[in-house]
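Novice: Supplied structure: input.txt, compact mmCIF, C-alpha atoms.
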# COMPACT_ATOMS: atom_id res chain seq x y z
CA MET J 1 65.76 70.29 100.92
CA GLN J 2 69.30 71.50 101.33
CA LYS J 3 69.69 74.86 103.11
CA ILE J 4 71.80 77.58 101.57
CA LEU J 5 73.98 79.32 104.12
CA LYS J 6 74.81 82.97 103.55
CA PHE J 7 77.81 84.64 105.15
CA ASN J 8 78.63 88.31 105.48
CA PHE J 9 82.39 88.56 105.22
CA GLY J 10 82.33 92.38 105.45
CA VAL J 11 81.79 92.54 109.23
CA LEU J 12 83.57 90.62 111.96
CA THR J 13 81.41 88.64 114.38
CA ARG J 14 81.90 90.21 117.78
CA PRO J 15 79.66 90.55 120.83
CA LYS J 16 77.30 93.49 121.11
CA LEU J 17 78.40 96.46 123.21
CA HIS J 18 76.05 96.97 126.15
CA ILE J 19 75.96 100.54 127.47
CA TYR J 20 74.29 101.90 130.60
CA ASP J 21 74.09 105.69 130.33
CA LYS J 22 71.47 106.56 132.96
CA GLY J 23 73.91 106.93 135.83
CA SER J 24 76.64 109.38 136.78
CA LYS J 25 80.43 109.49 136.56
CA HIS J 26 80.60 106.92 139.35
CA THR J 27 78.14 104.47 137.79
CA PRO J 28 79.80 101.88 135.50
CA SER J 29 78.60 102.37 131.91
CA GLY J 30 80.05 99.16 130.51
CA ILE J 31 82.55 101.06 128.37
CA ARG J 32 86.29 100.81 128.84
CA ALA J 33 87.71 103.03 126.12
CA THR J 34 91.23 103.69 124.88
CA ILE J 35 91.34 107.13 123.27
CA HIS J 36 94.36 107.80 121.07
CA GLY J 37 94.94 111.51 120.47
CA GLY J 38 93.23 112.61 123.66
CA THR J 39 95.48 115.67 123.93
CA SER J 40 94.02 117.06 120.69
CA PHE J 41 91.44 119.84 120.66
CA SER J 42 88.53 117.37 120.49
CA GLY J 43 90.00 114.81 122.89
CA ILE J 44 88.58 116.29 126.08
CA TYR J 45 85.09 116.44 124.53
CA MET J 46 85.15 112.82 123.35
CA GLY J 47 86.53 111.68 126.67
CA GLY J 48 84.14 113.90 128.58
CA ILE J 49 80.96 112.50 127.05
CA LEU J 50 82.12 108.93 127.75
CA GLY J 51 83.40 109.72 131.23
CA ASN J 52 80.21 111.56 132.14
CA ILE J 53 78.25 108.29 132.00
CA GLY J 54 80.82 106.39 134.08
CA SER J 55 83.17 104.94 131.47
CA GLU J 56 86.73 103.95 132.24
CA LEU J 57 89.15 105.86 130.00
CA ILE J 58 92.73 105.28 128.93
CA PHE J 59 94.64 108.13 127.28
CA PRO J 60 97.96 107.15 125.67
CA HIS J 61 100.04 110.21 124.79
CA ASN J 62 103.64 111.09 123.96
CA HIS J 63 103.91 114.26 126.05
CA GLN J 64 106.77 114.05 128.49
CA TYR J 65 104.87 115.14 131.59
CA ASN J 66 101.37 114.44 132.88
CA TYR J 67 101.09 117.93 134.36
CA GLU J 68 101.10 119.68 130.97
CA ASP J 69 97.84 121.56 130.33
CA HIS J 70 96.73 119.40 127.40
CA VAL J 71 97.29 116.28 129.50
CA ARG J 72 96.13 117.10 132.99
CA GLU J 73 92.76 118.42 131.84
CA LEU J 74 91.96 114.86 130.73
CA LYS J 75 91.78 113.87 134.42
CA THR J 76 88.53 115.84 134.64
CA THR J 77 86.77 113.74 132.00
CA SER J 78 85.71 110.98 134.39
CA GLY J 79 85.50 110.20 138.10
CA PRO J 80 88.51 109.56 140.37
CA GLY J 81 90.25 106.29 139.60
CA GLN J 82 88.39 105.87 136.30
CA ASN J 83 90.99 107.18 133.86
CA TRP J 84 94.65 106.55 133.21
CA LEU J 85 97.20 108.75 131.46
CA LEU J 86 99.87 106.69 129.71
CA HIS J 87 102.80 108.94 128.84
CA ASP J 88 105.80 108.22 126.58
CA MET J 89 103.58 106.43 124.08
CA ASN J 90 105.56 105.07 121.13
CA TYR J 91 103.47 104.28 118.05
CA ASP J 92 106.44 102.56 116.41
CA ASN J 93 106.08 99.85 119.05
CA LYS J 94 103.20 97.55 118.03
CA GLU J 95 103.28 95.69 121.34
CA MET J 96 102.77 98.95 123.21
CA ILE J 97 99.76 99.79 121.03
CA GLU J 98 98.27 96.37 121.79
CA TRP J 99 98.97 96.82 125.51
CA THR J 100 97.06 100.15 125.67
CA MET J 101 93.84 98.38 124.63
CA LYS J 102 94.45 95.06 126.38
CA ASN J 103 91.31 95.35 128.54
CA SER J 104 89.31 97.81 126.41
CA ASN J 105 86.11 97.16 124.48
CA VAL J 106 86.08 100.53 122.66
CA VAL J 107 88.94 102.28 120.84
CA VAL J 108 88.78 105.84 119.52
CA ASN J 109 91.43 107.24 117.18
CA LEU J 110 91.67 111.04 117.14
CA LEU J 111 95.28 111.21 116.00
CA GLY J 112 96.17 113.71 113.31
CA PRO J 113 99.17 115.60 111.97
CA ARG J 114 100.83 118.36 113.91
CA LYS J 115 100.79 121.68 112.09
CA HIS J 116 104.56 121.72 111.59
CA LEU J 117 104.53 118.76 109.18
CA LYS J 118 105.65 119.55 105.64
CA ASN J 119 106.59 116.36 103.80
CA ARG J 120 104.48 113.43 102.64
CA LYS J 121 106.37 110.85 104.68
CA ASP J 122 105.32 112.46 107.97
CA PHE J 123 101.68 112.74 106.88
CA GLU J 124 101.64 109.09 105.78
CA TRP J 125 103.04 108.00 109.14
CA ILE J 126 100.36 109.67 111.29
CA ASN J 127 97.40 109.31 108.90
CA ILE J 128 98.08 105.86 107.43
CA THR J 129 100.70 103.84 109.30
CA VAL J 130 99.58 104.56 112.87
CA PRO J 131 95.80 104.12 112.23
CA LYS J 132 96.55 100.85 110.44
CA ARG J 133 98.55 99.62 113.45
CA ILE J 134 95.73 100.61 115.81
CA ALA J 135 93.16 98.80 113.65
CA GLU J 136 95.37 95.69 113.45
CA ALA J 137 95.71 95.72 117.24
CA CYS J 138 91.91 95.94 117.53
CA ALA J 139 91.49 93.00 115.16
CA LYS J 140 93.98 90.99 117.21
CA ASN J 141 92.16 91.71 120.49
CA PRO J 142 88.85 89.78 120.73
CA GLY J 143 87.70 92.08 123.52
CA VAL J 144 87.59 95.18 121.31
CA ILE J 145 84.04 95.49 120.00
CA ARG J 146 84.03 98.97 118.46
CA LEU J 147 86.60 101.22 116.80
CA ILE J 148 85.74 104.84 115.98
CA HIS J 149 88.23 106.32 113.53
CA PHE J 150 88.21 110.08 112.92
CA SER J 151 89.13 111.20 109.41
CA ALA J 152 88.14 114.53 107.84
CA CYS J 153 85.43 115.91 105.60
CA GLY J 154 86.94 116.41 102.15
CA ALA J 155 89.27 113.40 102.42
CA ASN J 156 90.14 112.54 98.83
CA PRO J 157 93.07 110.76 97.18
CA HIS J 158 93.24 113.59 94.60
CA ALA J 159 93.08 116.49 97.07
CA GLU J 160 95.82 119.12 96.95
CA SER J 161 96.32 118.87 100.71
CA LEU J 162 98.62 116.05 101.82
CA ASP J 163 96.55 115.74 104.97
CA LEU J 164 93.31 115.05 103.06
CA GLN J 165 95.06 112.70 100.64
CA THR J 166 96.59 110.53 103.34
CA LYS J 167 93.48 110.60 105.52
CA TYR J 168 91.49 108.95 102.72
CA ILE J 169 94.11 106.21 102.32
CA GLY J 170 94.18 105.78 106.09
CA GLU J 171 90.41 105.13 106.11
CA GLN J 172 90.82 102.28 103.65
CA GLU J 173 93.65 100.74 105.65
CA VAL J 174 91.60 100.88 108.84
CA LEU J 175 88.58 99.19 107.23
CA ASN J 176 90.79 96.53 105.63
CA ALA J 177 92.35 95.68 108.99
CA PHE J 178 89.17 96.02 111.10
CA PRO J 179 85.91 95.94 109.08
CA ASN J 180 83.89 96.70 112.25
CA ALA J 181 85.35 100.22 112.35
CA THR J 182 83.08 103.25 112.10
CA ILE J 183 84.58 106.16 110.15
CA PHE J 184 83.75 109.74 111.09
CA ARG J 185 84.49 112.54 108.63
CA PRO J 186 83.76 115.76 110.55
CA SER J 187 83.82 119.11 108.80
CA VAL J 188 85.58 121.97 110.61
CA MET J 189 84.77 121.62 114.30
CA VAL J 190 84.00 124.66 116.43
CA GLY J 191 84.73 124.82 120.15
CA ASP J 192 87.15 126.17 122.74
CA ASN J 193 90.70 126.29 121.31
CA ASP J 194 89.60 124.92 117.95
CA ASP J 195 91.40 125.25 114.61
CA PHE J 196 88.73 127.43 113.03
CA ALA J 197 87.28 130.23 115.16
CA TYR J 198 90.24 130.27 117.55
CA HIS J 199 92.58 130.20 114.53
CA TRP J 200 90.89 133.40 113.32
CA GLN J 201 91.34 135.06 116.72
CA VAL J 202 95.04 134.27 117.02
CA GLN J 203 95.82 135.40 113.48
CA LYS J 204 94.22 138.76 114.23
CA ARG J 205 96.25 139.05 117.39
CA TYR J 206 99.58 138.38 115.67
CA PHE J 207 98.96 140.18 112.38
CA HIS J 208 97.68 143.51 113.73
CA ASN J 209 93.97 142.66 113.39
CA PHE J 210 94.40 141.19 109.89
CA ASN J 211 93.71 137.65 108.68
CA ILE J 212 96.02 136.25 106.00
CA VAL J 213 94.02 134.74 103.09
CA PRO J 214 95.37 133.31 99.79
CA ASP J 215 92.17 133.69 97.73
CA ASN J 216 88.73 135.31 97.59
CA CYS J 217 87.39 133.14 100.45
CA GLN J 218 84.61 131.55 98.41
CA ALA J 219 85.40 127.98 99.47
CA LYS J 220 82.54 126.38 101.40
CA ARG J 221 82.53 125.18 104.99
CA GLN J 222 79.91 123.38 107.06
CA PRO J 223 81.03 124.04 110.66
CA ILE J 224 79.82 121.73 113.41
CA PHE J 225 79.94 122.17 117.18
CA VAL J 226 82.43 119.74 118.70
CA GLN J 227 79.99 118.66 121.41
CA ASP J 228 77.56 117.55 118.69
CA VAL J 229 80.33 115.38 117.24
CA ALA J 230 80.92 113.90 120.70
CA GLN J 231 77.21 113.09 121.03
CA ALA J 232 77.26 111.51 117.58
CA MET J 233 80.15 109.30 118.68
CA LEU J 234 78.27 108.11 121.78
CA ASN J 235 75.12 107.44 119.74
CA ALA J 236 77.16 105.45 117.20
CA LEU J 237 78.43 103.20 120.00
CA LYS J 238 74.82 102.53 121.02
CA MET J 239 73.70 101.71 117.46
CA PRO J 240 75.01 98.38 116.09
CA GLU J 241 73.90 99.40 112.58
CA THR J 242 76.74 101.96 112.48
CA ILE J 243 79.36 99.17 112.39
CA GLY J 244 81.41 99.35 109.21
CA GLN J 245 79.77 102.61 108.11
CA THR J 246 81.21 106.01 107.18
CA TYR J 247 79.52 109.23 108.35
CA GLU J 248 80.16 112.77 107.15
CA LEU J 249 79.44 115.16 110.01
CA GLY J 250 78.53 118.74 109.25
CA GLY J 251 76.41 121.48 110.78
CA PRO J 252 72.95 122.48 109.56
CA HIS J 253 74.20 125.30 107.28
CA VAL J 254 76.84 125.77 104.59
CA TYR J 255 78.78 129.05 104.45
CA THR J 256 81.58 130.48 102.38
CA LEU J 257 84.74 131.33 104.31
CA LEU J 258 84.01 135.00 103.71
CA GLU J 259 80.60 134.63 105.36
CA CYS J 260 82.25 132.88 108.31
CA TYR J 261 84.77 135.71 108.72
CA GLU J 262 81.97 138.28 108.55
CA MET J 263 80.01 136.34 111.17
CA PHE J 264 83.01 136.27 113.52
CA HIS J 265 83.48 140.01 113.17
CA ASN J 266 79.79 140.73 113.66
CA ILE J 267 79.85 138.90 117.00
CA VAL J 268 82.83 140.89 118.31
CA GLN J 269 81.54 144.06 116.59
CA ARG J 270 84.68 144.81 114.64
CA PRO J 271 85.05 145.42 110.87
CA PRO J 272 86.62 142.58 108.84
CA LYS J 273 90.25 143.02 107.81
CA LEU J 274 91.53 140.46 105.29
CA ALA J 275 95.06 140.61 103.90
CA HIS J 276 94.88 139.03 100.41
CA ILE J 277 98.30 137.62 99.46
CA ASP J 278 99.06 135.51 96.39
CA LYS J 279 98.82 131.78 97.16
CA GLN J 280 102.09 130.83 95.46
CA LEU J 281 103.93 133.55 97.36
CA LEU J 282 102.51 132.30 100.65
CA LEU J 283 103.53 128.73 99.82
CA LYS J 284 107.10 129.85 99.12
CA ILE J 285 107.21 131.74 102.40
CA ALA J 286 105.82 128.75 104.31
CA GLN J 287 108.45 126.44 102.80
CA TYR J 288 111.35 128.47 104.15
CA ILE J 289 110.06 129.24 107.62
CA PRO J 290 109.07 126.87 110.44
CA ASN J 291 105.44 125.80 110.07
CA TRP J 292 103.36 127.57 112.67
CA LYS J 293 100.00 126.34 113.90
CA TYR J 294 98.30 129.50 112.68
CA PHE J 295 100.18 129.85 109.39
CA ASN J 296 101.37 126.73 107.59
CA ILE J 297 101.39 124.97 104.23
CA ASP J 298 98.38 122.80 104.98
CA TYR J 299 96.29 125.84 105.98
CA ILE J 300 97.13 127.54 102.67
CA LEU J 301 96.30 124.45 100.57
CA LYS J 302 93.04 123.68 102.38
CA HIS J 303 91.84 127.28 102.25
CA GLY J 304 90.48 126.93 98.71
CA ASP J 305 88.90 123.46 99.16
CA ASP J 306 85.23 122.90 99.94
CA MET J 307 84.71 120.93 103.15
CA VAL J 308 81.03 120.06 103.14
CA VAL J 309 78.96 116.90 103.48
CA GLN J 310 78.65 115.12 100.14
CA ALA J 311 75.20 114.32 98.77
CA GLY J 312 74.11 110.73 99.35
CA SER J 313 76.43 110.10 102.29
CA LYS J 314 75.34 109.12 105.78
CA THR J 315 75.21 112.19 108.02
CA ILE J 316 74.81 113.24 111.62
CA ASP J 317 71.03 113.01 111.15
CA ASP J 318 71.44 109.24 110.83
CA LEU J 319 73.04 109.30 114.29
CA CYS J 320 69.99 111.00 115.83
CA VAL J 321 71.73 114.31 116.58
CA ARG J 322 70.34 117.73 115.73
CA PRO J 323 73.45 119.94 115.53
CA LEU J 324 73.67 123.56 116.62
CA SER J 325 74.05 126.24 113.99
CA LEU J 326 77.35 128.12 113.78
CA THR J 327 75.91 131.24 115.43
CA GLN J 328 74.62 129.21 118.37
CA ALA J 329 77.95 127.44 118.74
CA LEU J 330 79.94 130.69 118.60
CA GLN J 331 77.88 132.22 121.39
CA ASN J 332 79.14 129.41 123.62
CA ILE J 333 82.81 130.17 122.97
CA PHE J 334 83.03 133.89 122.13
CA TRP J 335 82.14 135.50 125.44
CA ASP J 336 85.77 136.07 126.41
CA ILE J 337 86.60 137.43 122.94
CA GLN J 338 83.66 139.82 123.10
CA ALA J 339 84.90 141.15 126.42
CA ARG J 340 88.47 141.51 125.13
CA TYR J 341 87.52 143.37 121.96
CA GLY J 342 84.79 145.40 123.59
CA GLY J 343 86.93 146.43 126.51
CA SER J 344 83.94 146.34 128.87
CA SER J 345 80.94 144.28 129.86
CA GLU J 346 78.60 146.37 127.68
CA LEU J 347 78.68 143.73 124.95
CA TYR J 348 76.90 141.28 127.21
CA GLU J 349 73.91 143.63 127.37
CA ARG J 350 73.52 144.26 123.64
Render the structure in this file as structure tokens.
Specialist:
Amino acid sequence: MQKILKFNFGVLTRPKLHIYDKGSKHTPSGIRATIHGGTSFSGIYMGGILGNIGSELIFPHNHQYNYEDHVRELKTTSGPGQNWLLHDMNYDNKEMIEWTMKNSNVVVNLLGPRKHLKNRKDFEWINITVPKRIAEACAKNPGVIRLIHFSACGANPHAESLDLQTKYIGEQEVLNAFPNATIFRPSVMVGDNDDFAYHWQVQKRYFHNFNIVPDNCQAKRQPIFVQDVAQAMLNALKMPETIGQTYELGGPHVYTLLECYEMFHNIVQRPPKLAHIDKQLLLKIAQYIPNWKYFNIDYILKHGDDMVVQAGSKTIDDLCVRPLSLTQALQNIFWDIQARYGGSSELYER
């Protein structure tokens, strides 16, 4: 009887990634990872969890000097001689992209738009063109077994935010070029120097203890601790069944933005102060002034969008991680803020 052969064209046939994670920073883990976007807020956490088990790490970046704070802290992610900082990275040069992962078996893409971007062309370049080039380089290199591509919760081709629109298109381009890719869609991540809790702190500092809001703050958020996202990434590398899958990563609870603001103020024991300004007025102001990290067009547009895990999607539970709640995560990063606002060490005793 003739046998019927079945082929799965959705996933590339590549060797399995073997990981040894029972050692230390000086024990080879079997991972040699190229991490694009390592100088981002989450870069040191993703590099740290891989470097802590003895992985070799390569960090391409386009900062001019390796002694800048966002760059030099990456040297602490792994043991001496186990990471390399490649400065003057040019993502318009496809050969350079291929060279950065020449000997790697894992590639992580954390690249995202800088806060000063205003026009669609710039968003398309960093969210679509560059990820596509990275995925094509992975497909061209037979040694690359896994690609972890970070998108964003709420990515949608019909979203008002250009960032969320282009991130969705970028996901499709990555999967088309490298079907083995695993897509992560984290909700707002909380950690040291993040774009959520730290964003709130800096706005208060610059706007005389006020936070600028364009609406009634009823949009939903599902904050997740950045170290839980890092653990989810490591678990995904250990689980072959995550190949070609998309995961929406959110914390255990959903809050409105107003509830988040109230929670922040409760921790530092200060009353909330929200400056409600018309959204259209804020957009006009943002168009005529330089975009600032803590006040920009994308922040205004995203403020009214829900960023929560969609029903029926694969979540962080499928990656065997039990995430911290927002209150637990904030206690890990708010000690210095408590001291600053309290003016003494009494807050530690309450």
Novice: Excluding Cys320 in chain J and residues on its chain fewer than 4 positions from it, collect all residues at most 8 Å away from it, counting only C-alpha atoms, and give them as a ChimeraX atom specification.
Specialist: /J:232,235,316
Novice: Please provide the set of residues having any atom within 9 Å of Ala329 in chain J, restricted to all atoms listed in the file, with same-chain residues fewer than 6 positions apart removed, written as a list in words.
Specialist: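 Residues meeting the cut-off are Val190, Gly191, Ile224, Phe225 and Val226 of chain J.
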Novice: Would you compute the distance between CA of His199 in chain J and CA of Arg72 in chain J? Give it in Å to one decimal.
Specialist: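 Rounded to one decimal, the two atoms are 22.9 Å apart.
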Novice: With only C-alpha atoms as the counted atoms, please give the residues lying no more than 12 Å from range 101-106 of chain J, apart from itself and same-chain residues fewer than 3 positions off, as number ranges by chain.
Specialist: J: 14-19, 29-36, 47, 50, 55-60, 84, 86, 94-98, 109, 134-149, 180-182, 233-234, 236-238
Novice: Within 12 Å of Met307 in chain J, counting only C-alpha atoms, which residues show up once you throw out same-chain ones fewer than 4 positions away? Write them as a list of chain:residue names, please.
Specialist: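 Contacts, with the query itself left out: J:Ala152, J:Cys153, J:Gly154, J:Ala155, J:Asn156, J:Ala159, J:Leu164, J:Arg185, J:Pro186, J:Ser187, J:Val188, J:Met189, J:Gln218, J:Ala219, J:Lys220, J:Arg221, J:Gln222, J:Pro223, J:Ile224, J:Glu248, J:Leu249, J:Gly250, J:Gly251, J:Val254, J:Tyr255, J:Thr256, J:Leu257, J:Lys302, J:His303.
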Novice: List the neighbours of Lys22 in chain J out to 10 Å using all atoms listed in the file; skip same-chain residues closer than 5 positions along the sequence, and give me the result as a ChimeraX atom specification.
Specialist: /J:27-29,53-54
Novice: Could those selected residues go to a file with C-alpha atoms, as an mmCIF file, keeping the file's coordinate frame?
Specialist:
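Output (out_30.cif):
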data_model
loop_
_atom_site.group_PDB
_atom_site.id
_atom_site.type_symbol
_atom_site.label_atom_id
_atom_site.label_comp_id
_atom_site.auth_asym_id
_atom_site.auth_seq_id
_atom_site.Cartn_x
_atom_site.Cartn_y
_atom_site.Cartn_z
ATOM 1 C CA THR J 27 78.140 104.470 137.790
ATOM 2 C CA PRO J 28 79.800 101.880 135.500
ATOM 3 C CA SER J 29 78.600 102.370 131.910
ATOM 4 C CA ILE J 53 78.250 108.290 132.000
ATOM 5 C CA GLY J 54 80.820 106.390 134.080
#
Novice: Would you list the residues near (101.4, 133.7, 96.8) (no more than 12 Å away, in the coordinates of the file, using all atoms listed in the file) as a list in words?
Specialist: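 Here is the list of nearby residues: Ile212, Val213, Pro214, Asp215, Ala275, His276, Ile277, Asp278, Lys279, Gln280, Leu281, Leu282, Leu283, Lys284, Ile285, Ala286, Gln287, Ile297, Ile300 and Leu301 of chain J.
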Novice: Keeping only C-alpha atoms, take the residues you just selected and write them out as a PDB file, in the frame of the given file.
Specialist:
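Written output follows (out02.pdb):
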ATOM      1  CA  ILE J 212      96.020 136.250 106.000  1.00  0.00           C
ATOM      2  CA  VAL J 213      94.020 134.740 103.090  1.00  0.00           C
ATOM      3  CA  PRO J 214      95.370 133.310  99.790  1.00  0.00           C
ATOM      4  CA  ASP J 215      92.170 133.690  97.730  1.00  0.00           C
ATOM      5  CA  ALA J 275      95.060 140.610 103.900  1.00  0.00           C
ATOM      6  CA  HIS J 276      94.880 139.030 100.410  1.00  0.00           C
ATOM      7  CA  ILE J 277      98.300 137.620  99.460  1.00  0.00           C
ATOM      8  CA  ASP J 278      99.060 135.510  96.390  1.00  0.00           C
ATOM      9  CA  LYS J 279      98.820 131.780  97.160  1.00  0.00           C
ATOM     10  CA  GLN J 280     102.090 130.830  95.460  1.00  0.00           C
ATOM     11  CA  LEU J 281     103.930 133.550  97.360  1.00  0.00           C
ATOM     12  CA  LEU J 282     102.510 132.300 100.650  1.00  0.00           C
ATOM     13  CA  LEU J 283     103.530 128.730  99.820  1.00  0.00           C
ATOM     14  CA  LYS J 284     107.100 129.850  99.120  1.00  0.00           C
ATOM     15  CA  ILE J 285     107.210 131.740 102.400  1.00  0.00           C
ATOM     16  CA  ALA J 286     105.820 128.750 104.310  1.00  0.00           C
ATOM     17  CA  GLN J 287     108.450 126.440 102.800  1.00  0.00           C
ATOM     18  CA  ILE J 297     101.390 124.970 104.230  1.00  0.00           C
ATOM     19  CA  ILE J 300      97.130 127.540 102.670  1.00  0.00           C
ATOM     20  CA  LEU J 301      96.300 124.450 100.570  1.00  0.00           C
TER      21      LEU J 301
END
Novice: Please return range 135-143 of chain J, rebuilt to all heavy atoms, as a tab-separated table (two decimals), in the frame of the given file.
Specialist:
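The resulting out_24.tsv:
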chain	number	residue	atom	x	y	z
J	135	ALA	N	94.22	99.69	114.13
J	135	ALA	CA	93.16	98.80	113.65
J	135	ALA	C	93.60	97.33	113.71
J	135	ALA	O	92.81	96.45	114.06
J	135	ALA	CB	92.78	99.18	112.22
J	136	GLU	N	94.85	97.07	113.38
J	136	GLU	CA	95.37	95.69	113.45
J	136	GLU	C	95.38	95.19	114.90
J	136	GLU	O	95.09	94.02	115.16
J	136	GLU	CB	96.76	95.63	112.85
J	136	GLU	CG	96.77	95.78	111.33
J	136	GLU	CD	98.18	95.87	110.76
J	136	GLU	OE1	99.13	96.15	111.53
J	136	GLU	OE2	98.33	95.69	109.53
J	137	ALA	N	95.72	96.10	115.82
J	137	ALA	CA	95.71	95.72	117.24
J	137	ALA	C	94.28	95.43	117.71
J	137	ALA	O	94.05	94.51	118.50
J	137	ALA	CB	96.33	96.82	118.08
J	138	CYS	N	93.31	96.19	117.20
J	138	CYS	CA	91.91	95.94	117.53
J	138	CYS	C	91.45	94.59	117.00
J	138	CYS	O	90.74	93.83	117.68
J	138	CYS	CB	91.02	97.04	116.96
J	138	CYS	SG	91.22	98.67	117.72
J	139	ALA	N	91.86	94.27	115.76
J	139	ALA	CA	91.49	93.00	115.16
J	139	ALA	C	92.09	91.83	115.92
J	139	ALA	O	91.49	90.75	116.03
J	139	ALA	CB	91.93	92.97	113.70
J	140	LYS	N	93.27	92.04	116.48
J	140	LYS	CA	93.98	90.99	117.21
J	140	LYS	C	93.38	90.75	118.59
J	140	LYS	O	93.51	89.66	119.16
J	140	LYS	CB	95.46	91.37	117.33
J	140	LYS	CG	96.37	90.27	117.80
J	140	LYS	CD	97.82	90.72	117.76
J	140	LYS	CE	98.76	89.62	118.22
J	140	LYS	NZ	100.18	90.07	118.17
J	141	ASN	N	92.72	91.77	119.14
J	141	ASN	CA	92.16	91.71	120.49
J	141	ASN	C	90.68	91.36	120.41
J	141	ASN	O	89.87	92.17	119.97
J	141	ASN	CB	92.35	93.06	121.19
J	141	ASN	CG	91.90	93.03	122.64
J	141	ASN	OD1	91.21	92.11	123.08
J	141	ASN	ND2	92.29	94.04	123.39
J	142	PRO	N	90.27	90.16	120.83
J	142	PRO	CA	88.85	89.78	120.73
J	142	PRO	C	87.94	90.58	121.64
J	142	PRO	O	86.72	90.58	121.46
J	142	PRO	CB	88.86	88.29	121.13
J	142	PRO	CG	90.09	88.14	121.97
J	142	PRO	CD	91.10	89.10	121.42
J	143	GLY	N	88.52	91.29	122.61
J	143	GLY	CA	87.70	92.08	123.52
J	143	GLY	C	87.26	93.41	122.95
J	143	GLY	O	86.32	94.04	123.44
